[in-house]
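Structure first, then comments.
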Amino acid sequence: MSKVKSLADLRKLRDELQTKVSLREKSDHPDKLVQVKVSMATCGIASGAKEVMNHMIEEMDRQAIDAIVTQTGCMGYCYAEPTIEVTLPNSAPVVFGHVDNKKANEIIEKYIIRGELVDGIIPVNYETVKENKNE
Amino acid sequence: MKDLSMHIMDIVQNSVRAKAENITLSIVTDEYWLTIKVQDDGKGMDEVTLQKVRDPFYTSRTTRKVGMGIPLIQQNAELTGGHVEIESTLGVGTTLTAQFGRKHIDRPPMGDIASTAAMMMTGNEGVNLQFEVQCGDEQFAISTNEVKEVLGDVDIRLPKVTSFLKEMIEENLRELKIEFD
C-alpha cells in the first residue's frame, strides 16, 4: 500500500518552512512578500482563472518564490478575464488581464522575478461601473 | 462552466463575499445522485433577494450588471434531472444544495476537485472551510482550522502549503477509491 499524505506530514512541512529564516521574517511582515490575487468570480472562473491560479501556485512552489496567492472577487474587468493583481514588495499593485498559463509564466519570469513590466497591464485609472473595488 | 469544480469554486466564492466565517462544502454521491451542498454563516438574504438570485440579470455587485453563477449551476443541474435549492435567513446564513443526476450523459465531469478544495482553503483569508466528501460508505473531511492548527505561525497562503494540501486530498480520495465520474 502506498503511503498517503496526512496532517502529520503537514507538520513536517511546517518544520521545514519554519527553518527557512528568510521566509519567517517576511511572514511577520506580509508586505515584504510578493502578493498575487486572482480574480475568482463567475466571469473569471468561466475564463479559466482556476487553472491559472493552480498553475501559478505550482510554478511558484517549483521555483521557490516567496509569495502568497489568494483569491478575490470580480474587479469589473470581465472582458479581460482571467485577471490577476500582483503586488511586489514596496510597490503599487498592478493588474494584468487575459492571463493564461503562458502569460502567467511571463509575469512570474519577468515581473515577479526581475521587476520588468510586461504587456497586458490594465491601467488603474480605468473606470468601472461604480468605483467600488472587488465588490 | 466546464466542470463541477468550477461551479463549486463559484458558489463558495458567493459565501466568501457574504462575509461568511465558516463554510461547509459537502459532496455526497450515491448510485443515482451527486449532491453538492454549500452552507455558510454569512449575512444571508431576505425573501425578496432570495427570489431574485436565480435571475441572470440580478447581482449584488456594482462592478457589473449580470450575475450568472446561480443560473449556470441551476441550468446544469436541471439538464441532468436534478435541481438547485437555496435556503437563506438574513443574518444567519445561506445553504445552497445542487443535485445532479450522477450518470446522466449531460452531467459535467467533477474536474480537479483536489486543487479546487486546496485553493479555496488557502486562498480565502479569515474563512474556515470544512470540506467533506461522502461516497457510499467512504468519507473524507478536512478543514482550514485543522490545517492552521498544525501550521502554527506558518502562513497558510504559501504556495508550498497549497501544493501539499492538493496532493494530500488527491491521495486520500484515491486511497478511499472515491470517484465521481
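Chain labels A, B, ... are given in the sequence in which chains occur in the C-alpha cells; within each chain residues are numbered consecutively from 1, and ligands are likewise numbered from 1 in the order shown.
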Hey, what does DSSP flag as alpha helix (DSSP H) within range 41-103 of chain B? Can you give it to me as a PyMOL selection string?
chain B and resi 47-52+69-79
Distance cut-off 6 Å, counting only C-alpha atoms - which residues of chain A neighbour chain B? Return them as a VMD selection string.
chain A and resid 4 to 5 11 14 42 46 57 61 68 70 to 71 76 129 to 130 135
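Distances here use only C-alpha atoms; by that measure, the residue among A:Ala8, A:Leu13, A:Ile107, A:Ala64 closest to Thr87 in chain A is A:Ile107.
You will find CA of Thr59 in chain B at 23.5 Å from CA of His98 in chain A.
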Write out as a PyMOL selection string all residues of range 11-165 of chain B that backbone DSSP assigns to strand (DSSP E).
chain B and resi 22-29+33-40+83-89+93-101+128-135+138-143
Counting only C-alpha atoms, figure out which residue out of B:Ala20, B:Leu96, B:Val38, B:Met110 gets nearest to Asn128 in chain B.
B:Ala20
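The gap separating CA of Lys19 in chain B from CA of Pro108 in chain B is 29.0 Å, in Å to one decimal.
Each of A:Asp100, A:Asp31, A:Glu59, A:Asp66 was compared to Leu17 in chain A using only C-alpha atoms, and A:Asp66 turns out to be the nearest.
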Correct to one decimal, the distance CA of Asp41 in chain B-CA of Leu90 in chain B is 10.0 Å
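When only C-alpha atoms are used to compute distances to Ser143 in chain B, the closest of the residues A:Gly48, A:Leu7, A:Ala92, A:Met40 turns out to be A:Leu7.
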Report as a PDB file with all heavy atoms, in the first residue's frame all protein, DNA and RNA residues lying within 8 Å of range 79-88 of chain B, evaluated on only C-alpha atoms, omitting residues in the same chain fewer than 3 positions from it.
ATOM      1  N   GLY B  44     -26.574  36.230   4.789  1.00  0.00           N
ATOM      2  CA  GLY B  44     -27.901  35.750   4.400  1.00  0.00           C
ATOM      3  C   GLY B  44     -28.654  36.713   3.501  1.00  0.00           C
ATOM      4  O   GLY B  44     -28.160  37.788   3.165  1.00  0.00           O
ATOM      5  N   MET B  45     -29.842  36.294   3.085  1.00  0.00           N
ATOM      6  CA  MET B  45     -30.633  37.135   2.181  1.00  0.00           C
ATOM      7  C   MET B  45     -32.063  37.214   2.681  1.00  0.00           C
ATOM      8  O   MET B  45     -32.559  36.283   3.322  1.00  0.00           O
ATOM      9  CB  MET B  45     -30.662  36.500   0.782  1.00  0.00           C
ATOM     10  CG  MET B  45     -29.343  36.537   0.066  1.00  0.00           C
ATOM     11  SD  MET B  45     -29.437  35.651  -1.495  1.00  0.00           S
ATOM     12  CE  MET B  45     -29.289  33.962  -0.968  1.00  0.00           C
ATOM     13  N   ASP B  46     -32.733  38.319   2.346  1.00  0.00           N
ATOM     14  CA  ASP B  46     -34.153  38.404   2.701  1.00  0.00           C
ATOM     15  C   ASP B  46     -34.978  37.740   1.593  1.00  0.00           C
ATOM     16  O   ASP B  46     -34.452  37.374   0.539  1.00  0.00           O
ATOM     17  CB  ASP B  46     -34.575  39.858   2.932  1.00  0.00           C
ATOM     18  CG  ASP B  46     -34.251  40.750   1.748  1.00  0.00           C
ATOM     19  OD1 ASP B  46     -34.191  40.230   0.620  1.00  0.00           O
ATOM     20  OD2 ASP B  46     -34.051  41.953   1.947  1.00  0.00           O
ATOM     21  N   LEU B  50     -33.845  36.629  -2.233  1.00  0.00           N
ATOM     22  CA  LEU B  50     -33.837  35.196  -2.480  1.00  0.00           C
ATOM     23  C   LEU B  50     -34.618  34.839  -3.751  1.00  0.00           C
ATOM     24  O   LEU B  50     -34.236  33.940  -4.494  1.00  0.00           O
ATOM     25  CB  LEU B  50     -34.429  34.470  -1.264  1.00  0.00           C
ATOM     26  CG  LEU B  50     -34.214  32.969  -1.171  1.00  0.00           C
ATOM     27  CD1 LEU B  50     -32.725  32.629  -1.208  1.00  0.00           C
ATOM     28  CD2 LEU B  50     -34.828  32.429   0.108  1.00  0.00           C
ATOM     29  N   ILE B  73     -25.345  27.091 -12.610  1.00  0.00           N
ATOM     30  CA  ILE B  73     -25.335  25.794 -11.904  1.00  0.00           C
ATOM     31  C   ILE B  73     -26.736  25.187 -11.952  1.00  0.00           C
ATOM     32  O   ILE B  73     -26.901  23.975 -12.090  1.00  0.00           O
ATOM     33  CB  ILE B  73     -24.793  25.910 -10.449  1.00  0.00           C
ATOM     34  CG1 ILE B  73     -24.551  24.508  -9.860  1.00  0.00           C
ATOM     35  CG2 ILE B  73     -25.687  26.726  -9.549  1.00  0.00           C
ATOM     36  CD1 ILE B  73     -23.844  24.496  -8.536  1.00  0.00           C
ATOM     37  N   GLN B  74     -27.744  26.049 -11.906  1.00  0.00           N
ATOM     38  CA  GLN B  74     -29.124  25.564 -11.969  1.00  0.00           C
ATOM     39  C   GLN B  74     -29.404  24.922 -13.329  1.00  0.00           C
ATOM     40  O   GLN B  74     -30.004  23.848 -13.418  1.00  0.00           O
ATOM     41  CB  GLN B  74     -30.085  26.718 -11.738  1.00  0.00           C
ATOM     42  CG  GLN B  74     -31.524  26.245 -11.686  1.00  0.00           C
ATOM     43  CD  GLN B  74     -32.481  27.365 -11.319  1.00  0.00           C
ATOM     44  OE1 GLN B  74     -32.074  28.460 -10.955  1.00  0.00           O
ATOM     45  NE2 GLN B  74     -33.748  27.086 -11.426  1.00  0.00           N
ATOM     46  N   GLN B  75     -28.915  25.581 -14.378  1.00  0.00           N
ATOM     47  CA  GLN B  75     -29.110  25.032 -15.718  1.00  0.00           C
ATOM     48  C   GLN B  75     -28.472  23.647 -15.831  1.00  0.00           C
ATOM     49  O   GLN B  75     -29.101  22.692 -16.291  1.00  0.00           O
ATOM     50  CB  GLN B  75     -28.481  25.968 -16.753  1.00  0.00           C
ATOM     51  CG  GLN B  75     -28.683  25.480 -18.172  1.00  0.00           C
ATOM     52  CD  GLN B  75     -27.890  26.296 -19.177  1.00  0.00           C
ATOM     53  OE1 GLN B  75     -26.849  26.871 -18.860  1.00  0.00           O
ATOM     54  NE2 GLN B  75     -28.371  26.344 -20.395  1.00  0.00           N
ATOM     55  N   ASN B  76     -27.221  23.537 -15.388  1.00  0.00           N
ATOM     56  CA  ASN B  76     -26.533  22.254 -15.478  1.00  0.00           C
ATOM     57  C   ASN B  76     -27.192  21.183 -14.628  1.00  0.00           C
ATOM     58  O   ASN B  76     -27.261  20.019 -15.027  1.00  0.00           O
ATOM     59  CB  ASN B  76     -25.058  22.409 -15.089  1.00  0.00           C
ATOM     60  CG  ASN B  76     -24.191  22.727 -16.292  1.00  0.00           C
ATOM     61  OD1 ASN B  76     -24.559  22.437 -17.435  1.00  0.00           O
ATOM     62  ND2 ASN B  76     -23.043  23.325 -16.050  1.00  0.00           N
ATOM     63  N   VAL B  92     -28.260  35.019   9.359  1.00  0.00           N
ATOM     64  CA  VAL B  92     -27.947  33.669   9.845  1.00  0.00           C
ATOM     65  C   VAL B  92     -27.045  32.912   8.869  1.00  0.00           C
ATOM     66  O   VAL B  92     -26.045  32.305   9.241  1.00  0.00           O
ATOM     67  CB  VAL B  92     -29.233  32.855  10.119  1.00  0.00           C
ATOM     68  CG1 VAL B  92     -28.892  31.444  10.563  1.00  0.00           C
ATOM     69  CG2 VAL B  92     -30.083  33.551  11.163  1.00  0.00           C
ATOM     70  N   GLY B  93     -27.389  32.980   7.590  1.00  0.00           N
ATOM     71  CA  GLY B  93     -26.567  32.287   6.602  1.00  0.00           C
ATOM     72  C   GLY B  93     -27.391  31.706   5.471  1.00  0.00           C
ATOM     73  O   GLY B  93     -28.615  31.849   5.444  1.00  0.00           O
ATOM     74  N   THR B  94     -26.703  31.083   4.552  1.00  0.00           N
ATOM     75  CA  THR B  94     -27.348  30.557   3.357  1.00  0.00           C
ATOM     76  C   THR B  94     -26.887  29.132   3.107  1.00  0.00           C
ATOM     77  O   THR B  94     -25.736  28.783   3.369  1.00  0.00           O
ATOM     78  CB  THR B  94     -26.979  31.435   2.133  1.00  0.00           C
ATOM     79  OG1 THR B  94     -27.319  32.786   2.427  1.00  0.00           O
ATOM     80  CG2 THR B  94     -27.680  30.993   0.877  1.00  0.00           C
ATOM     81  N   THR B  95     -27.776  28.309   2.602  1.00  0.00           N
ATOM     82  CA  THR B  95     -27.425  26.959   2.195  1.00  0.00           C
ATOM     83  C   THR B  95     -27.889  26.745   0.764  1.00  0.00           C
ATOM     84  O   THR B  95     -29.056  26.960   0.447  1.00  0.00           O
ATOM     85  CB  THR B  95     -28.102  25.915   3.108  1.00  0.00           C
ATOM     86  OG1 THR B  95     -27.760  26.198   4.455  1.00  0.00           O
ATOM     87  CG2 THR B  95     -27.638  24.508   2.759  1.00  0.00           C
ATOM     88  N   LEU B  96     -26.959  26.357  -0.083  1.00  0.00           N
ATOM     89  CA  LEU B  96     -27.319  26.038  -1.461  1.00  0.00           C
ATOM     90  C   LEU B  96     -27.066  24.558  -1.689  1.00  0.00           C
ATOM     91  O   LEU B  96     -26.007  24.036  -1.354  1.00  0.00           O
ATOM     92  CB  LEU B  96     -26.491  26.872  -2.441  1.00  0.00           C
ATOM     93  CG  LEU B  96     -26.802  26.647  -3.932  1.00  0.00           C
ATOM     94  CD1 LEU B  96     -26.708  27.960  -4.698  1.00  0.00           C
ATOM     95  CD2 LEU B  96     -25.868  25.619  -4.589  1.00  0.00           C
ATOM     96  N   THR B  97     -28.071  23.870  -2.202  1.00  0.00           N
ATOM     97  CA  THR B  97     -27.927  22.453  -2.499  1.00  0.00           C
ATOM     98  C   THR B  97     -28.186  22.231  -3.982  1.00  0.00           C
ATOM     99  O   THR B  97     -29.228  22.637  -4.492  1.00  0.00           O
ATOM    100  CB  THR B  97     -28.929  21.618  -1.677  1.00  0.00           C
ATOM    101  OG1 THR B  97     -28.913  22.097  -0.336  1.00  0.00           O
ATOM    102  CG2 THR B  97     -28.576  20.148  -1.693  1.00  0.00           C
ATOM    103  N   ALA B  98     -27.245  21.639  -4.662  1.00  0.00           N
ATOM    104  CA  ALA B  98     -27.418  21.352  -6.087  1.00  0.00           C
ATOM    105  C   ALA B  98     -27.334  19.852  -6.286  1.00  0.00           C
ATOM    106  O   ALA B  98     -26.378  19.203  -5.869  1.00  0.00           O
ATOM    107  CB  ALA B  98     -26.342  22.046  -6.908  1.00  0.00           C
ATOM    108  N   GLN B  99     -28.380  19.313  -6.896  1.00  0.00           N
ATOM    109  CA  GLN B  99     -28.417  17.871  -7.108  1.00  0.00           C
ATOM    110  C   GLN B  99     -28.294  17.575  -8.603  1.00  0.00           C
ATOM    111  O   GLN B  99     -28.982  18.186  -9.431  1.00  0.00           O
ATOM    112  CB  GLN B  99     -29.728  17.330  -6.558  1.00  0.00           C
ATOM    113  CG  GLN B  99     -29.717  15.829  -6.406  1.00  0.00           C
ATOM    114  CD  GLN B  99     -30.972  15.340  -5.721  1.00  0.00           C
ATOM    115  OE1 GLN B  99     -32.073  15.799  -6.025  1.00  0.00           O
ATOM    116  NE2 GLN B  99     -30.825  14.409  -4.802  1.00  0.00           N
ATOM    117  N   PHE B 100     -27.383  16.688  -8.930  1.00  0.00           N
ATOM    118  CA  PHE B 100     -27.139  16.313 -10.329  1.00  0.00           C
ATOM    119  C   PHE B 100     -27.421  14.829 -10.518  1.00  0.00           C
ATOM    120  O   PHE B 100     -27.096  14.029  -9.641  1.00  0.00           O
ATOM    121  CB  PHE B 100     -25.672  16.555 -10.709  1.00  0.00           C
ATOM    122  CG  PHE B 100     -25.271  17.995 -10.725  1.00  0.00           C
ATOM    123  CD1 PHE B 100     -24.929  18.643  -9.550  1.00  0.00           C
ATOM    124  CD2 PHE B 100     -25.214  18.706 -11.911  1.00  0.00           C
ATOM    125  CE1 PHE B 100     -24.555  19.987  -9.542  1.00  0.00           C
ATOM    126  CE2 PHE B 100     -24.839  20.041 -11.921  1.00  0.00           C
ATOM    127  CZ  PHE B 100     -24.513  20.674 -10.739  1.00  0.00           C
ATOM    128  N   GLY B 101     -27.991  14.473 -11.657  1.00  0.00           N
ATOM    129  CA  GLY B 101     -28.138  13.058 -11.989  1.00  0.00           C
ATOM    130  C   GLY B 101     -26.746  12.520 -12.276  1.00  0.00           C
ATOM    131  O   GLY B 101     -26.105  12.919 -13.233  1.00  0.00           O
ATOM    132  N   ARG B 102     -26.271  11.633 -11.398  1.00  0.00           N
ATOM    133  CA  ARG B 102     -24.861  11.258 -11.460  1.00  0.00           C
ATOM    134  C   ARG B 102     -24.468  10.627 -12.785  1.00  0.00           C
ATOM    135  O   ARG B 102     -23.410  10.889 -13.341  1.00  0.00           O
ATOM    136  CB  ARG B 102     -24.555  10.290 -10.315  1.00  0.00           C
ATOM    137  CG  ARG B 102     -23.076  10.013 -10.196  1.00  0.00           C
ATOM    138  CD  ARG B 102     -22.776   9.091  -9.047  1.00  0.00           C
ATOM    139  NE  ARG B 102     -21.366   8.761  -9.053  1.00  0.00           N
ATOM    140  CZ  ARG B 102     -20.825   7.796  -8.336  1.00  0.00           C
ATOM    141  NH1 ARG B 102     -21.583   7.093  -7.552  1.00  0.00           N
ATOM    142  NH2 ARG B 102     -19.540   7.559  -8.412  1.00  0.00           N
ATOM    143  N   HIS B 104     -26.196  10.782 -15.604  1.00  0.00           N
ATOM    144  CA  HIS B 104     -26.801  11.439 -16.768  1.00  0.00           C
ATOM    145  C   HIS B 104     -25.710  11.874 -17.744  1.00  0.00           C
ATOM    146  O   HIS B 104     -24.665  12.378 -17.345  1.00  0.00           O
ATOM    147  CB  HIS B 104     -27.600  12.652 -16.295  1.00  0.00           C
ATOM    148  CG  HIS B 104     -28.587  13.135 -17.315  1.00  0.00           C
ATOM    149  ND1 HIS B 104     -28.193  13.788 -18.449  1.00  0.00           N
ATOM    150  CD2 HIS B 104     -29.935  13.035 -17.375  1.00  0.00           C
ATOM    151  CE1 HIS B 104     -29.274  14.081 -19.164  1.00  0.00           C
ATOM    152  NE2 HIS B 104     -30.343  13.631 -18.531  1.00  0.00           N
ATOM    153  N   ILE B 105     -25.981  11.688 -19.023  1.00  0.00           N
ATOM    154  CA  ILE B 105     -24.955  11.982 -20.033  1.00  0.00           C
ATOM    155  C   ILE B 105     -24.593  13.469 -20.075  1.00  0.00           C
ATOM    156  O   ILE B 105     -23.489  13.851 -20.460  1.00  0.00           O
ATOM    157  CB  ILE B 105     -25.422  11.466 -21.422  1.00  0.00           C
ATOM    158  CG1 ILE B 105     -24.231  11.429 -22.379  1.00  0.00           C
ATOM    159  CG2 ILE B 105     -26.580  12.303 -21.976  1.00  0.00           C
ATOM    160  CD1 ILE B 105     -24.428  10.557 -23.580  1.00  0.00           C
ATOM    161  N   ASP B 106     -25.504  14.322 -19.640  1.00  0.00           N
ATOM    162  CA  ASP B 106     -25.238  15.762 -19.665  1.00  0.00           C
ATOM    163  C   ASP B 106     -24.549  16.292 -18.402  1.00  0.00           C
ATOM    164  O   ASP B 106     -24.291  17.484 -18.294  1.00  0.00           O
ATOM    165  CB  ASP B 106     -26.540  16.549 -19.884  1.00  0.00           C
ATOM    166  CG  ASP B 106     -27.017  16.437 -21.320  1.00  0.00           C
ATOM    167  OD1 ASP B 106     -26.157  16.311 -22.207  1.00  0.00           O
ATOM    168  OD2 ASP B 106     -28.237  16.450 -21.537  1.00  0.00           O
ATOM    169  N   ARG B 107     -24.264  15.404 -17.459  1.00  0.00           N
ATOM    170  CA  ARG B 107     -23.630  15.920 -16.233  1.00  0.00           C
ATOM    171  C   ARG B 107     -22.168  16.269 -16.510  1.00  0.00           C
ATOM    172  O   ARG B 107     -21.411  15.441 -17.004  1.00  0.00           O
ATOM    173  CB  ARG B 107     -23.689  14.893 -15.096  1.00  0.00           C
ATOM    174  CG  ARG B 107     -23.026  15.447 -13.826  1.00  0.00           C
ATOM    175  CD  ARG B 107     -23.096  14.491 -12.673  1.00  0.00           C
ATOM    176  NE  ARG B 107     -22.282  13.296 -12.832  1.00  0.00           N
ATOM    177  CZ  ARG B 107     -20.962  13.260 -12.619  1.00  0.00           C
ATOM    178  NH1 ARG B 107     -20.314  14.336 -12.278  1.00  0.00           N
ATOM    179  NH2 ARG B 107     -20.302  12.129 -12.768  1.00  0.00           N
TER     180      ARG B 107
END
